[in-house]
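Everything below belongs to start-v9.txt, which stores compact mmCIF, C-alpha atoms.
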```
# COMPACT_ATOMS: atom_id res chain seq x y z
CA MET A 134 148.35 -107.16 37.58
CA VAL A 135 145.99 -105.03 35.53
CA THR A 136 145.79 -101.46 36.68
CA SER A 137 142.37 -100.01 37.18
CA ASP A 138 143.36 -97.19 34.78
CA SER A 139 143.98 -99.51 31.82
CA THR A 140 140.71 -101.35 32.39
CA ARG A 141 138.86 -98.08 32.86
CA HIS A 142 140.28 -96.70 29.59
CA LEU A 143 139.19 -99.83 27.74
CA LEU A 144 135.68 -99.68 29.23
CA LEU A 145 135.39 -95.97 28.44
CA ALA A 146 136.49 -96.53 24.83
CA ASN A 147 133.87 -99.27 24.41
CA ALA A 148 131.16 -97.24 26.15
CA ALA A 149 131.93 -94.15 24.06
CA THR A 150 131.76 -96.22 20.88
CA LEU A 151 128.38 -97.66 21.86
CA ALA A 152 127.10 -94.21 22.85
CA VAL A 153 128.11 -92.76 19.47
CA ALA A 154 126.41 -95.70 17.72
CA LEU A 155 123.19 -95.18 19.68
CA VAL A 156 123.12 -91.40 19.27
CA LEU A 157 123.82 -91.60 15.53
CA ARG A 158 121.49 -94.59 15.12
CA TRP A 159 124.09 -96.72 13.43
CA PRO A 160 123.19 -100.14 12.11
CA LEU A 161 125.41 -102.94 13.37
CA ASP A 162 127.26 -102.89 10.04
CA THR A 163 128.53 -99.41 10.88
CA LEU A 164 129.35 -100.28 14.51
CA LEU A 165 131.62 -103.04 13.24
CA TRP A 166 133.97 -100.43 11.71
CA PRO A 167 135.47 -99.00 14.92
CA TYR A 168 135.80 -102.53 16.31
CA TRP A 169 137.56 -103.62 13.12
CA ILE A 170 139.97 -100.70 13.59
CA GLN A 171 140.42 -101.71 17.23
CA ASN A 172 141.29 -105.26 16.20
CA VAL A 173 143.84 -103.99 13.67
CA VAL A 174 145.36 -101.81 16.41
CA ILE A 175 145.49 -104.84 18.74
CA GLY A 176 147.29 -106.80 16.03
CA TRP A 177 149.72 -103.94 15.42
CA TYR A 178 150.64 -103.65 19.09
CA SER A 179 150.75 -107.43 19.55
CA ARG A 180 153.34 -107.72 16.78
CA ARG A 181 155.37 -104.84 18.20
CA ARG A 182 155.21 -106.46 21.61
CA MET A 183 156.48 -109.77 20.27
CA LEU A 184 159.36 -108.10 18.47
CA ALA A 185 160.27 -106.07 21.58
CA LEU A 186 160.83 -109.19 23.71
CA HIS A 187 164.35 -109.75 24.95
CA ARG A 188 163.57 -112.74 27.15
CA PHE A 189 160.72 -115.10 26.38
CA SER A 190 159.60 -118.68 26.83
CA THR A 191 158.36 -121.11 24.22
CA ASP A 192 157.24 -123.82 26.66
CA GLY A 193 154.49 -125.85 25.03
CA PHE A 194 154.68 -123.83 21.79
CA THR A 195 155.10 -126.00 18.70
CA ILE A 196 155.06 -125.45 14.97
CA ASN A 197 154.41 -128.50 12.80
CA HIS A 198 154.58 -130.64 15.95
CA GLN A 199 158.12 -129.44 16.63
CA PRO A 200 159.08 -127.41 19.73
CA VAL A 201 159.91 -123.81 18.93
CA PRO A 202 163.42 -122.87 20.09
CA GLU A 203 163.91 -119.73 22.16
CA THR A 204 165.86 -117.84 19.51
CA PRO A 205 165.60 -114.40 17.93
CA GLU A 206 164.82 -116.08 14.58
CA SER A 207 161.87 -117.95 16.16
CA LEU A 208 160.64 -114.65 17.53
CA ARG A 209 160.80 -112.97 14.10
CA ARG A 210 159.19 -115.97 12.33
CA THR A 211 156.37 -116.06 14.87
CA ALA A 212 155.76 -112.32 14.44
CA ARG A 213 155.73 -112.71 10.63
CA PHE A 214 153.31 -115.65 10.82
CA PHE A 215 151.06 -113.74 13.21
CA THR A 216 151.08 -110.68 10.92
CA PHE A 217 150.14 -112.76 7.90
CA HIS A 218 147.47 -114.89 9.61
CA TYR A 219 145.86 -112.18 11.75
CA GLY A 220 146.11 -109.75 8.83
CA PHE A 221 144.39 -112.22 6.51
CA PHE A 222 141.39 -112.42 8.87
CA HIS A 223 141.13 -108.65 8.88
CA ILE A 224 141.39 -108.34 5.11
CA VAL A 225 138.43 -110.74 4.87
CA TYR A 226 136.55 -108.66 7.45
CA LEU A 227 137.41 -105.49 5.52
CA VAL A 228 135.96 -106.92 2.30
CA PHE A 229 132.79 -107.84 4.22
CA LEU A 230 132.55 -104.39 5.80
CA VAL A 231 133.12 -102.52 2.55
CA ALA A 232 130.50 -104.64 0.77
CA ARG A 233 127.91 -103.90 3.46
CA MET A 234 128.88 -100.31 4.20
CA PRO A 235 125.89 -97.99 4.31
CA SER A 236 126.28 -94.44 3.07
CA LEU A 237 127.53 -92.27 5.89
CA ALA A 238 127.04 -88.60 6.68
CA TRP A 239 129.96 -86.44 7.81
CA TRP A 240 128.92 -86.81 11.46
CA ASP A 241 129.06 -90.60 11.08
CA TRP A 242 132.64 -90.29 9.82
CA LEU A 243 133.43 -88.01 12.74
CA GLY A 244 131.92 -90.56 15.14
CA LEU A 245 133.92 -93.39 13.53
CA GLY A 246 137.10 -91.36 13.83
CA ALA A 247 136.45 -90.52 17.48
CA ALA A 248 135.67 -94.16 18.34
CA ALA A 249 138.77 -95.39 16.50
CA GLY A 250 140.90 -92.74 18.22
CA SER A 251 139.67 -93.82 21.64
CA PHE A 252 140.70 -97.41 20.90
CA VAL A 253 144.12 -96.34 19.61
CA ALA A 254 144.75 -94.29 22.77
CA SER A 255 143.55 -97.09 25.04
CA HIS A 256 145.72 -99.74 23.41
CA ARG A 257 148.78 -97.48 23.19
CA ALA A 258 148.64 -97.01 26.97
CA SER A 259 148.17 -100.74 27.49
CA PHE A 260 151.10 -101.48 25.15
CA ARG A 261 153.43 -99.31 27.22
CA GLN A 262 152.34 -101.13 30.36
CA ASN A 263 152.87 -104.50 28.64
CA ILE A 264 156.39 -103.61 27.46
CA GLU A 265 157.36 -102.59 30.99
CA ALA A 266 155.95 -105.79 32.47
CA ASP A 267 157.61 -107.94 29.78
CA ALA A 268 161.01 -106.45 30.66
CA HIS A 269 160.62 -107.85 34.18
CA GLY A 270 159.34 -111.26 33.15
CA ARG A 271 159.60 -113.96 30.54
CA PRO A 272 156.30 -114.11 28.58
CA ASN A 273 155.38 -117.18 26.59
CA LEU A 274 155.66 -116.39 22.89
CA GLY A 275 152.94 -118.86 21.87
CA THR A 276 150.48 -117.44 24.36
CA LEU A 277 151.31 -113.91 23.29
CA MET A 278 150.68 -114.83 19.65
CA PHE A 279 147.29 -116.49 20.25
CA LEU A 280 145.72 -114.04 22.76
CA PRO A 281 144.57 -111.40 20.23
CA TYR A 282 142.40 -113.96 18.44
CA ALA A 283 140.01 -114.24 21.40
CA ARG A 284 139.19 -110.55 21.08
CA ILE A 285 137.96 -110.98 17.50
CA ILE A 286 135.44 -113.73 18.29
CA PRO A 287 132.44 -111.32 18.57
CA MET A 288 133.29 -109.75 15.20
CA HIS A 289 133.85 -113.18 13.67
CA LEU A 290 130.41 -114.30 14.87
CA ALA A 291 128.80 -111.13 13.52
CA VAL A 292 130.39 -111.72 10.13
CA ILE A 293 129.38 -115.40 10.05
CA LEU A 294 125.84 -114.83 11.29
CA GLY A 295 125.35 -111.73 9.18
CA ALA A 296 125.52 -108.37 10.86
CA GLY A 297 122.61 -107.16 8.75
CA ILE A 298 120.25 -109.42 10.69
CA ALA A 299 120.34 -107.05 13.64
CA GLY A 300 119.79 -104.05 11.39
CA SER A 301 119.77 -100.91 13.44
CA SER A 302 117.97 -102.33 16.44
CA VAL A 303 119.14 -101.06 19.80
CA THR A 304 119.04 -104.64 21.08
CA GLY A 305 121.38 -105.83 18.32
CA LEU A 306 123.83 -103.02 19.06
CA LEU A 307 123.71 -103.65 22.80
CA VAL A 308 124.21 -107.41 22.43
CA PHE A 309 127.14 -107.04 20.07
CA ALA A 310 128.79 -104.23 22.05
CA SER A 311 128.35 -106.22 25.28
CA LEU A 312 129.96 -109.32 23.77
CA LYS A 313 132.81 -107.28 22.33
CA THR A 314 133.38 -105.35 25.56
CA GLY A 315 133.26 -108.54 27.62
CA ALA A 316 135.83 -110.20 25.33
CA ASP A 317 137.99 -107.08 25.48
CA VAL A 318 138.00 -106.83 29.27
CA LEU A 319 138.47 -110.56 29.79
CA MET A 320 141.38 -110.78 27.38
CA HIS A 321 142.84 -107.56 28.74
CA HIS A 322 142.95 -109.13 32.20
CA VAL A 323 144.30 -112.41 30.85
CA GLU A 324 146.95 -110.63 28.81
CA HIS A 325 148.15 -108.54 31.73
CA GLY A 326 147.72 -111.32 34.27
CA ILE A 327 149.37 -114.35 32.68
CA LEU A 328 152.02 -112.69 30.55
```

Take the structure in the file and give it back as structure tokens.
Amino acid sequence: MVTSDSTRHLLLANAATLAVALVLRWPLDTLLWPYWIQNVVIGWYSRRRMLALHRFSTDGFTINHQPVPETPESLRRTARFFTFHYGFFHIVYLVFLVARMPSLAWWDWLGLGAAAGSFVASHRASFRQNIEADAHGRPNLGTLMFLPYARIIPMHLAVILGAGIAGSSVTGLLVFASLKTGADVLMHHVEHGIL
């Protein structure tokens, strides 16, 4: 069960990021940076979580149409594949973000650092809770590997549709931040609820 504290921390991190973006009048291209960092942090903790499993299930999890055995080697291979695949997406996003990065003032960098720090703190606390819950259960490795991808859908759409379309409009920022926050909270509940 998701604690109200972990959900509250996630909501506060998202709200603080949006507030910084509105106060500093960031274009959507700049707002994507703290969310990119958040996604990298999610990937980092997802990999650590996989590798920390002592007991896990692979029911329904296949690779090349073959069932994945419940072995330590399968666990390591899955974590390596996840790191490569999830990392590849984020390298592509990084190239996109660097290419579209506006020039930033020192206060923008400070705002980016604060937003990124709030996401790191939020996900570190959630990771500790996940590790404790995993020790008392038997999470499905396949589910654990695929869950982080749902949280990157809003960023993926922004990259595909062109973040520059929204420019610096408040509506564009609110729509994107709402989609991202909704995906975060939903997947946070799913992650804590089904695993």

Proximity check stretch 204-236 of chain A to stretch 267-278 of chain A, 8 Å, nearest pairs one decimal Å, only C-alpha atoms, as JSON lines:
```
{"residue": "A:Leu208", "atom": "CA", "partner": "A:Leu274", "partner_atom": "CA", "distance": 7.5}
{"residue": "A:Thr211", "atom": "CA", "partner": "A:Met278", "partner_atom": "CA", "distance": 7.5}
{"residue": "A:Ala212", "atom": "CA", "partner": "A:Met278", "partner_atom": "CA", "distance": 7.7}
{"residue": "A:Phe215", "atom": "CA", "partner": "A:Met278", "partner_atom": "CA", "distance": 6.5}
```

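Distance-wise, atom CA of A:Ala149 and atom CA of A:Leu243 end up 13.0 Å apart.
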
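One distance worth recording is that between atom CA of A:Ser179 and atom CA of A:Phe221, which is 15.3 Å.
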
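Distances to A:Ala154 were evaluated for A:Met320, A:Leu280, A:Ala310, A:Val225 using all atoms listed in the file, and the minimum falls at A:Ala310.
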
- Task: Take the point (142.0, -104.2, 14.5) as written in the file and pick out every residue within 12 Å of it, counting only C-alpha atoms; give the list as a PyMOL selection string.
- Result: chain A and resi 165-179+216+219-224+226-227+249+252-253+256+281-282+284-285+288

- Give the answer as one residue: which of A:Arg158, A:Leu164, A:Ala152, A:His187 has the shortest atom-to-atom distance to A:Glu265, using all atoms listed in the file? A:His187

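When only C-alpha atoms are used to compute distances to A:Gly250, the closest of the residues A:Ile264, A:Asn147, A:Asp138, A:Arg213 turns out to be A:Asn147.
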
- In Å, rounded to a single decimal, give me how far atom CA of A:Ser255 is from atom CA of A:Ser190. 27.0 Å

If we count all atoms listed in the file, what is near A:Trp242 at a cut-off of 12 Å, once residues fewer than 2 positions away on the same chain are taken out, given as a JSON list (two decimals) with C-alpha atoms, in the coordinates of the input?
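File selection-v2.json, as written:
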```
[["chain", "number", "residue", "atom", "x", "y", "z"],
["A", 153, "VAL", "CA", 128.11, -92.76, 19.47],
["A", 154, "ALA", "CA", 126.41, -95.70, 17.72],
["A", 157, "LEU", "CA", 123.82, -91.60, 15.53],
["A", 159, "TRP", "CA", 124.09, -96.72, 13.43],
["A", 163, "THR", "CA", 128.53, -99.41, 10.88],
["A", 164, "LEU", "CA", 129.35, -100.28, 14.51],
["A", 166, "TRP", "CA", 133.97, -100.43, 11.71],
["A", 167, "PRO", "CA", 135.47, -99.00, 14.92],
["A", 235, "PRO", "CA", 125.89, -97.99, 4.31],
["A", 236, "SER", "CA", 126.28, -94.44, 3.07],
["A", 237, "LEU", "CA", 127.53, -92.27, 5.89],
["A", 238, "ALA", "CA", 127.04, -88.60, 6.68],
["A", 239, "TRP", "CA", 129.96, -86.44, 7.81],
["A", 240, "TRP", "CA", 128.92, -86.81, 11.46],
["A", 244, "GLY", "CA", 131.92, -90.56, 15.14],
["A", 245, "LEU", "CA", 133.92, -93.39, 13.53],
["A", 246, "GLY", "CA", 137.10, -91.36, 13.83],
["A", 247, "ALA", "CA", 136.45, -90.52, 17.48],
["A", 248, "ALA", "CA", 135.67, -94.16, 18.34],
["A", 249, "ALA", "CA", 138.77, -95.39, 16.50]]
```
